[in-house]
Amino acid sequence: MMPAFSSSSTASRTASSPLRRYFTSLTVRQWWGAGLLLLLLAFAWLVPWLSDADPARQQLTRILQAPSLAEPFGTDHLGRSMLARLASAIQLSLGMALLSVATAAIPGVLLGVMAGWRGGWCDRVLGGIADACLALPGLLLVLLLVAIAPGNFWALYVGISLVLWIEYFRVVRARTQALVSSPQIEASRLLGFGPVMLFRRHLWPELAPQVFTLAAFGAASAILAMAALGFVSVGLRPPTAELGLMMIELLPYYHEAPWAMAQPIIVLFVVVLSLNLLAGKDPR
């Protein structure tokens with residue numbers, strides 16, 4: 001006969017690993033998204049390791065060269081390696097997305113749990129702050145910060161993070177309000193468990209799948225926002241390799257080198273597609 005504590009121990013381990021539960025419940029569509037994302041990551045980090053091409057090095061004798069063995073993706077209007085620039089742009093886009101999502105998710109989840117758990121004035125104050133942020137269009141907020149520090153990576157990052165945290169807050173607050181009155185949490189309270197234990201044991205396993213889904217959608221939104229700002233020339237500045245900036249730089253040469261113009265568009269499409277496939281269903 002097994003010890004009495006074995007089943008509860010197993011349940012605790014299962015509940016305390018929401019990340020494992022999330023990955024074991026992935027659909028075929030989500031696995032396709034994860035596979036595409038891994039291929040992009042491999043491309044972005046292996047190209048600098050296998051090649052010594054500098055994404056900012058200009059070679060005016062090699063302007064708009066077609067793809068070849070020496071340059072598999074050709075060169076741009078300044079003779080820069082498209083292979084190196086695309087790898088650098090993917091690194092920048094995914095790095096910005098990861099940083100923005102992490103910065104938005106942590107306060108969004110914590111404040112959402114606080115508002116949903118405490119209720120009362122705490123919920124009203126935090127909800128009012130979120131509503132005030134929603135009153136200002138997200139893109140306008142990003143543009144205001146970028147206008148203060150044009151071409152600055154940190155202004156762009158802060159603006160995108162300030163827009164993204166509201167989604168986490170609203171979803172987590174609504175879900176927490178539904179969970180705090182559940183029999184499991186009431187029983188754990190009666191047994192004397194503290195807030196940290198209740199969060200780990202009951203709240204986080206229920207919130208984690210929704211948070212991970214929001215993170216994938218948020219990463220896609222951050223990458224699109226950065227590309228859109230680069231395309232209208234109010235984001236990062238040359239010679240930075242960024243997908244939106246590469247599009248606007250190569251746009252005048254789409255007749256002479258359509259393959260060069262198409263490459264950042266295709267990469268942006270695949271990056272956003274992989275994240276949207278990975279996200280699966282919208283938790284809202």
# chains A, B, ... in the order shown; residues from 1 in each chain; ligands from 1
$ residues_around --residues "segment 142-152 of chain A" --least-positions-apart "5" --cutoff "6 Å" --atoms "only C-alpha atoms" --output "list of chain:residue names"
A:Gly159, A:Gly235, A:Leu236, A:Arg237
$ residues_around --residues "Ser233 of chain A" --least-positions-apart "3" --cutoff "9 Å" --atoms "only C-alpha atoms" --output "CSV table (one decimal) with C-alpha atoms, in the first residue's frame"
chain,number,residue,atom,x,y,z
A,228,ALA,CA,5.6,50.0,-37.8
A,229,LEU,CA,7.5,52.8,-36.1
A,230,GLY,CA,10.6,51.9,-38.1
A,236,LEU,CA,15.2,53.2,-34.4
A,237,ARG,CA,17.7,55.0,-36.6
A,244,GLY,CA,10.5,48.0,-40.5
A,245,LEU,CA,13.5,50.3,-41.1
A,248,ILE,CA,11.5,51.7,-45.8
$ residues_around --residues "segment 270-274 of chain A" --least-positions-apart "6" --cutoff "8 Å" --atoms "only C-alpha atoms" --output "compact mmCIF listing (two decimals) with all heavy atoms, in the first residue's frame"
# COMPACT_ATOMS: atom_id res chain seq x y z
N TRP A 32 3.51 23.79 -34.39
CA TRP A 32 4.02 24.42 -35.62
C TRP A 32 4.59 25.81 -35.31
O TRP A 32 5.64 26.19 -35.83
CB TRP A 32 2.90 24.53 -36.65
CG TRP A 32 2.75 23.33 -37.51
CD1 TRP A 32 1.78 22.36 -37.44
CD2 TRP A 32 3.59 22.95 -38.61
NE1 TRP A 32 1.98 21.41 -38.40
CE2 TRP A 32 3.08 21.75 -39.14
CE3 TRP A 32 4.73 23.50 -39.18
CZ2 TRP A 32 3.67 21.09 -40.22
CZ3 TRP A 32 5.32 22.86 -40.25
CH2 TRP A 32 4.80 21.67 -40.76
N GLY A 33 3.89 26.57 -34.49
CA GLY A 33 4.40 27.88 -34.11
C GLY A 33 5.70 27.79 -33.35
O GLY A 33 6.64 28.57 -33.60
N ALA A 34 5.79 26.84 -32.42
CA ALA A 34 7.04 26.66 -31.67
C ALA A 34 8.18 26.24 -32.59
O ALA A 34 9.32 26.70 -32.44
CB ALA A 34 6.83 25.61 -30.58
N GLY A 35 7.88 25.38 -33.57
CA GLY A 35 8.91 24.95 -34.51
C GLY A 35 9.43 26.10 -35.36
O GLY A 35 10.65 26.25 -35.56
N LEU A 36 8.51 26.93 -35.88
CA LEU A 36 8.92 28.10 -36.66
C LEU A 36 9.77 29.05 -35.82
O LEU A 36 10.77 29.59 -36.30
CB LEU A 36 7.69 28.83 -37.20
CG LEU A 36 6.98 28.22 -38.40
CD1 LEU A 36 5.70 29.01 -38.70
CD2 LEU A 36 7.89 28.22 -39.62
N LEU A 37 9.35 29.25 -34.58
CA LEU A 37 10.09 30.17 -33.71
C LEU A 37 11.50 29.63 -33.43
O LEU A 37 12.47 30.40 -33.42
CB LEU A 37 9.32 30.37 -32.42
CG LEU A 37 9.81 31.48 -31.48
CD1 LEU A 37 9.81 32.83 -32.19
CD2 LEU A 37 8.96 31.53 -30.23
N LEU A 40 13.68 30.30 -36.43
CA LEU A 40 14.10 31.70 -36.48
C LEU A 40 15.21 31.99 -35.47
O LEU A 40 16.18 32.70 -35.78
CB LEU A 40 12.90 32.61 -36.21
CG LEU A 40 11.84 32.69 -37.31
CD1 LEU A 40 10.57 33.35 -36.79
CD2 LEU A 40 12.38 33.46 -38.51
N ALA A 220 4.11 39.29 -30.30
CA ALA A 220 3.79 39.61 -31.70
C ALA A 220 3.41 41.08 -31.85
O ALA A 220 3.83 41.76 -32.80
CB ALA A 220 2.65 38.71 -32.20
N ILE A 223 6.58 43.30 -31.65
CA ILE A 223 7.38 43.25 -32.88
C ILE A 223 6.71 44.06 -33.98
O ILE A 223 7.38 44.81 -34.72
CB ILE A 223 7.58 41.79 -33.30
CG1 ILE A 223 8.50 41.09 -32.30
CG2 ILE A 223 8.18 41.70 -34.70
CD1 ILE A 223 8.59 39.59 -32.49
N LEU A 224 5.39 43.95 -34.12
CA LEU A 224 4.68 44.73 -35.14
C LEU A 224 4.76 46.22 -34.85
O LEU A 224 4.92 47.03 -35.77
CB LEU A 224 3.22 44.29 -35.20
CG LEU A 224 2.93 42.99 -35.94
CD1 LEU A 224 1.45 42.60 -35.79
CD2 LEU A 224 3.29 43.11 -37.42
$ atom_distance --atom1 "atom CA of Asp76 of chain A" --atom2 "atom CA of Leu60 of chain A"
9.8 Å
$ closest_residue --among "A:Val101, A:Leu164, A:Leu268, A:Leu86" --to "Pro72 of chain A" --atoms "only C-alpha atoms"
A:Leu86
$ residues_around --residues "segment 182-192 of chain A" --least-positions-apart "3" --cutoff "7 Å" --atoms "only C-alpha atoms" --output "list in words"
Leu179, Leu198 and His202 of chain A
$ residues_around --residues "Gly116 of chain A" --least-positions-apart "4" --cutoff "7 Å" --atoms "only C-alpha atoms" --output "CSV table (one decimal) with N, CA and C atoms, in the first residue's frame"
chain,number,residue,atom,x,y,z
A,112,GLY,N,-2.8,42.5,-11.0
A,112,GLY,CA,-4.1,41.9,-11.2
A,112,GLY,C,-4.5,40.9,-10.1
A,123,ASP,N,-8.9,47.4,-5.6
A,123,ASP,CA,-9.4,47.1,-7.0
A,123,ASP,C,-9.8,48.3,-7.7
A,173,ARG,N,-6.9,39.9,-13.2
A,173,ARG,CA,-7.9,40.4,-12.2
A,173,ARG,C,-9.2,39.7,-12.3
A,174,ALA,N,-9.7,39.5,-13.5
A,174,ALA,CA,-11.0,38.9,-13.7
A,174,ALA,C,-11.0,37.4,-13.3
A,176,THR,N,-8.8,36.0,-11.2
A,176,THR,CA,-8.5,35.9,-9.7
A,176,THR,C,-9.8,36.1,-8.9
A,177,GLN,N,-10.7,37.1,-9.4
A,177,GLN,CA,-11.9,37.3,-8.7
A,177,GLN,C,-12.8,36.1,-8.7
$ atom_distance --atom1 "atom CA of Arg29 of chain A" --atom2 "atom CA of Glu242 of chain A"
27.8 Å
$ closest_atom_pairs --of "segment 74-181 of chain A" --to "segment 254-261 of chain A" --cutoff "8 Å" --atoms "only C-alpha atoms" --output "Markdown table"
| residue | atom | partner | partner_atom | distance |
| --- | --- | --- | --- | --- |
| A:Gly74 | CA | A:Ala260 | CA | 7.3 |
| A:Thr75 | CA | A:Ala260 | CA | 7.4 |
| A:Asp76 | CA | A:Ala260 | CA | 6.5 |
| A:Met82 | CA | A:Ala260 | CA | 7.6 |
$ write_last_selection --atoms "N, CA, C and O atoms" --output "short mmCIF file (atom, residue, chain, number, x, y, z; two decimals), in the first residue's frame"
data_model
loop_
_atom_site.label_atom_id
_atom_site.label_comp_id
_atom_site.auth_asym_id
_atom_site.auth_seq_id
_atom_site.Cartn_x
_atom_site.Cartn_y
_atom_site.Cartn_z
N GLY A 74 21.99 37.99 -50.84
CA GLY A 74 22.33 39.18 -51.58
C GLY A 74 22.75 40.33 -50.68
O GLY A 74 23.00 40.16 -49.48
N THR A 75 22.82 41.53 -51.27
CA THR A 75 23.21 42.74 -50.52
C THR A 75 22.16 43.83 -50.73
O THR A 75 21.36 43.78 -51.67
N ASP A 76 22.20 44.83 -49.87
CA ASP A 76 21.20 45.91 -49.97
C ASP A 76 21.76 47.09 -50.77
O ASP A 76 22.79 46.97 -51.45
N MET A 82 22.65 41.11 -46.59
CA MET A 82 21.27 40.91 -46.15
C MET A 82 21.18 39.76 -45.16
O MET A 82 20.34 39.78 -44.26
#
$ select_by_dssp --residues "segment 24-245 of chain A" --states "helix (DSSP H, G or I)" --output "PyMOL selection string"
chain A and resi 24+28-50+60-62+82-118+120-135+138-148+153-179+183-190+195-231+243-245
$ atom_distance --atom1 "atom CA of Cys133 of chain A" --atom2 "atom CA of Ile166 of chain A"
7.8 Å
$ residues_around --residues "segment 96-98 of chain A" --least-positions-apart "2" --cutoff "7 Å" --atoms "only C-alpha atoms" --output "list in words"
Leu92, Ser93, Leu94, Ser100, Val101, Ala102, Tyr157, Ala219, Ala222 and Ile223 of chain A
$ closest_residue --among "A:Ala70, A:Ile266, A:Ala89, A:Val28" --to "Leu243 of chain A" --atoms "only C-alpha atoms"
A:Ala89
